[in-house]
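With TSV, C-alpha atoms inside, this is work.tsv:
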```
chain	number	residue	atom	x	y	z
Y	1	MET	CA	0.00	0.00	0.00
Y	2	GLU	CA	1.36	3.42	-0.90
Y	3	ALA	CA	2.49	5.71	1.89
Y	4	SER	CA	0.16	8.50	0.77
Y	5	LEU	CA	-2.87	6.21	1.09
Y	6	VAL	CA	-1.79	4.99	4.54
Y	7	PHE	CA	-1.27	8.65	5.51
Y	8	GLN	CA	-4.88	9.42	4.57
Y	9	ILE	CA	-6.13	6.35	6.44
Y	10	VAL	CA	-4.33	7.12	9.72
Y	11	ASN	CA	-5.31	10.79	9.54
Y	12	THR	CA	-8.93	9.72	9.12
Y	13	LEU	CA	-8.64	7.01	11.78
Y	14	VAL	CA	-7.45	9.41	14.48
Y	15	LEU	CA	-10.33	11.88	14.02
Y	16	PRO	CA	-13.04	9.79	15.73
Y	17	ALA	CA	-10.69	9.24	18.66
Y	18	TRP	CA	-10.23	12.98	19.10
Y	19	ILE	CA	-13.98	13.49	18.76
Y	20	VAL	CA	-14.50	11.00	21.59
Y	21	LEU	CA	-11.83	12.74	23.65
Y	22	ILE	CA	-13.25	16.22	23.11
Y	23	PHE	CA	-17.00	15.57	23.26
Y	24	PHE	CA	-17.21	12.58	25.61
Y	25	PRO	CA	-14.43	13.15	28.16
Y	26	LYS	CA	-16.44	11.89	31.14
Y	27	LYS	CA	-17.82	8.69	29.62
Y	28	ALA	CA	-16.58	5.44	31.15
Y	29	TRP	CA	-16.02	3.93	27.70
Y	30	ARG	CA	-13.66	6.75	26.58
Y	31	ASN	CA	-10.39	5.14	27.75
Y	32	PRO	CA	-10.99	1.76	26.05
Y	33	VAL	CA	-12.02	3.52	22.83
Y	34	ILE	CA	-8.95	5.79	22.85
Y	35	TYR	CA	-6.63	2.86	23.61
Y	36	THR	CA	-8.20	0.81	20.81
Y	37	PHE	CA	-7.64	3.58	18.27
Y	38	ALA	CA	-4.09	4.09	19.56
Y	39	ALA	CA	-3.38	0.34	19.35
Y	40	LEU	CA	-4.64	0.15	15.78
Y	41	MET	CA	-2.43	3.04	14.70
Y	42	ALA	CA	0.50	1.73	16.76
Y	43	SER	CA	0.27	-1.58	14.90
Y	44	VAL	CA	0.61	0.30	11.60
Y	45	TYR	CA	3.54	2.19	13.11
Y	46	ALA	CA	5.15	-1.08	14.25
Y	47	PHE	CA	4.76	-2.52	10.76
Y	48	TYR	CA	6.65	0.40	9.21
Y	49	VAL	CA	9.35	0.41	11.90
Y	50	ILE	CA	9.97	-3.34	11.59
Y	51	SER	CA	9.83	-3.37	7.79
Y	52	HIS	CA	12.50	-0.64	7.57
Y	53	LEU	CA	14.90	-1.79	10.29
Y	54	GLY	CA	17.46	-2.67	7.63
Y	55	ASN	CA	17.84	1.03	6.81
Y	56	PHE	CA	18.31	2.04	10.45
Y	57	ASN	CA	21.49	3.93	11.31
Y	58	MET	CA	22.00	4.52	15.03
Y	59	GLU	CA	24.76	7.07	14.38
Y	60	ALA	CA	22.23	9.28	12.57
Y	61	PHE	CA	20.80	10.34	15.94
Y	62	SER	CA	23.95	12.25	16.88
Y	63	GLN	CA	23.54	15.10	14.37
Y	64	LEU	CA	20.68	17.10	12.89
Y	65	GLU	CA	21.76	16.14	9.36
Y	66	GLY	CA	21.54	12.50	10.40
Y	67	ILE	CA	18.01	12.93	11.70
Y	68	LYS	CA	17.03	14.65	8.45
Y	69	SER	CA	18.47	11.74	6.49
Y	70	LEU	CA	16.34	9.30	8.48
Y	71	PHE	CA	13.25	11.04	7.08
Y	72	SER	CA	14.33	10.98	3.46
Y	73	THR	CA	11.66	8.52	2.29
Y	74	ASP	CA	7.87	8.72	2.30
Y	75	GLN	CA	7.71	5.62	4.50
Y	76	ALA	CA	10.00	7.17	7.10
Y	77	VAL	CA	8.01	10.42	7.19
Y	78	LEU	CA	4.80	8.38	7.47
Y	79	THR	CA	6.28	6.39	10.35
Y	80	GLY	CA	7.20	9.59	12.16
Y	81	TRP	CA	3.76	11.05	11.51
Y	82	ILE	CA	2.00	7.97	12.90
Y	83	HIS	CA	4.25	8.15	15.97
Y	84	TYR	CA	3.22	11.79	16.41
Y	85	LEU	CA	-0.50	11.00	16.03
Y	86	VAL	CA	-0.43	8.12	18.52
Y	87	PHE	CA	1.70	10.00	21.03
Y	88	ASP	CA	-0.49	13.12	20.86
Y	89	LEU	CA	-3.65	11.05	21.26
Y	90	LEU	CA	-2.29	9.21	24.29
Y	91	VAL	CA	-0.95	12.37	25.92
Y	92	GLY	CA	-4.26	14.12	25.22
Y	93	ASN	CA	-6.04	11.22	26.91
Y	94	TRP	CA	-3.65	11.45	29.86
Y	95	ILE	CA	-4.40	15.18	30.17
Y	96	VAL	CA	-8.14	14.46	30.27
Y	97	ASN	CA	-7.66	11.66	32.82
Y	98	ASN	CA	-5.42	13.85	34.96
Y	99	ALA	CA	-7.86	16.76	34.77
Y	100	GLN	CA	-10.65	14.50	35.97
Y	101	LYS	CA	-8.51	12.99	38.72
Y	102	THR	CA	-7.51	16.41	40.04
Y	103	ARG	CA	-10.97	17.85	39.31
Y	104	TYR	CA	-9.51	20.56	37.12
Y	105	PRO	CA	-12.23	21.69	34.69
Y	106	ILE	CA	-10.01	21.49	31.60
Y	107	THR	CA	-12.53	19.24	29.83
Y	108	SER	CA	-15.61	21.28	30.67
Y	109	SER	CA	-15.27	23.54	27.64
Y	110	SER	CA	-15.07	22.35	24.06
Y	111	ARG	CA	-12.80	25.32	23.28
Y	112	VAL	CA	-10.35	24.21	25.95
Y	113	SER	CA	-10.55	20.63	24.71
Y	114	TYR	CA	-9.84	21.84	21.19
Y	115	PHE	CA	-6.82	23.74	22.53
Y	116	VAL	CA	-5.66	20.55	24.22
Y	117	SER	CA	-6.01	18.58	20.99
Y	118	CYS	CA	-3.98	21.14	19.02
Y	119	TRP	CA	-1.32	21.97	21.60
Y	120	VAL	CA	-0.83	18.70	23.52
Y	121	PRO	CA	2.86	19.20	24.39
Y	122	LEU	CA	2.24	22.72	25.72
Y	123	VAL	CA	-0.77	21.66	27.80
Y	124	PHE	CA	1.10	18.58	29.04
Y	125	CYS	CA	3.93	20.77	30.30
Y	126	ALA	CA	1.51	23.31	31.79
Y	127	THR	CA	-0.67	20.73	33.57
Y	128	PRO	CA	1.27	20.76	36.88
Y	129	TYR	CA	1.01	24.54	36.97
Y	130	LEU	CA	-2.67	24.48	36.11
Y	131	ASN	CA	-3.23	22.08	39.00
Y	132	TRP	CA	-1.20	24.35	41.28
Y	133	LEU	CA	-3.25	27.39	40.27
Y	134	LYS	CA	-6.48	25.56	41.00
```

Just dump the structure as structure tokens.
Amino acid sequence: MEASLVFQIVNTLVLPAWIVLIFFPKKAWRNPVIYTFAALMASVYAFYVISHLGNFNMEAFSQLEGIKSLFSTDQAVLTGWIHYLVFDLLVGNWIVNNAQKTRYPITSSSRVSYFVSCWVPLVFCATPYLNWLK
């Protein structure tokens, strides 16, 4: 299957997971649904990682040029993109879980949830401070 088609599939596959995360944050079935979507995409990610292990160069991680060379094929960029999608989804889910555990109303507004979905690393880093401000 061509990388561009897989790219479209994983981009489409992650959308329902984010919809669940944004619009149904307090439902008991949210975590299993998010983990199922993440597992499906992670299996695609694992396929691409394993199928391209022969091209792996550990020394490439020591310089920026080496990292750029790792992403010189469509399959490598796709693998990185899937990693990003899965990681963002899981961190977004963690943020929602943590907000509920600490009773921080981060999930009470769809605008805030949208912000979380677009800026996961920033919100993840700010979460301890948000809890402190509460």

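Between Pro32 of chain Y and the candidates Y:Leu64, Y:Met58, Y:Val44, Y:Ala17, the tightest atom-to-atom separation, counting all atoms listed in the file, involves Y:Ala17.
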
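The closest residue to Ile95 of chain Y, picked from Y:Ile22, Y:Ala3, Y:Phe71, Y:Thr79 and counting all atoms listed in the file, is Y:Ile22.
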
*Out of Y:Phe7, Y:Phe24, Y:Phe87, Y:Trp18, which residue has the shortest atom-to-atom distance to Ala42 of chain Y when counting all atoms listed in the file?*
Y:Phe87

*List the neighbours of Val6 of chain Y out to 12 Å using all atoms listed in the file; skip same-chain residues closer than 6 positions along the sequence, and give me the result as a PyMOL selection string.*
chain Y and resi 12-13+41+44-45+47-48+74-75+77-79+81-82

Could you save those same residues with C-alpha atoms as a PDB file, keeping the file's coordinate frame?
```pdb
ATOM      1  CA  THR Y  12      -8.930   9.720   9.120  1.00  0.00           C
ATOM      2  CA  LEU Y  13      -8.640   7.010  11.780  1.00  0.00           C
ATOM      3  CA  MET Y  41      -2.430   3.040  14.700  1.00  0.00           C
ATOM      4  CA  VAL Y  44       0.610   0.300  11.600  1.00  0.00           C
ATOM      5  CA  TYR Y  45       3.540   2.190  13.110  1.00  0.00           C
ATOM      6  CA  PHE Y  47       4.760  -2.520  10.760  1.00  0.00           C
ATOM      7  CA  TYR Y  48       6.650   0.400   9.210  1.00  0.00           C
ATOM      8  CA  ASP Y  74       7.870   8.720   2.300  1.00  0.00           C
ATOM      9  CA  GLN Y  75       7.710   5.620   4.500  1.00  0.00           C
ATOM     10  CA  VAL Y  77       8.010  10.420   7.190  1.00  0.00           C
ATOM     11  CA  LEU Y  78       4.800   8.380   7.470  1.00  0.00           C
ATOM     12  CA  THR Y  79       6.280   6.390  10.350  1.00  0.00           C
ATOM     13  CA  TRP Y  81       3.760  11.050  11.510  1.00  0.00           C
ATOM     14  CA  ILE Y  82       2.000   7.970  12.900  1.00  0.00           C
TER      15      ILE Y  82
END
```

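From atom CA of Gln63 of chain Y back to atom CA of Leu89 of chain Y, the distance works out to 28.3 Å.
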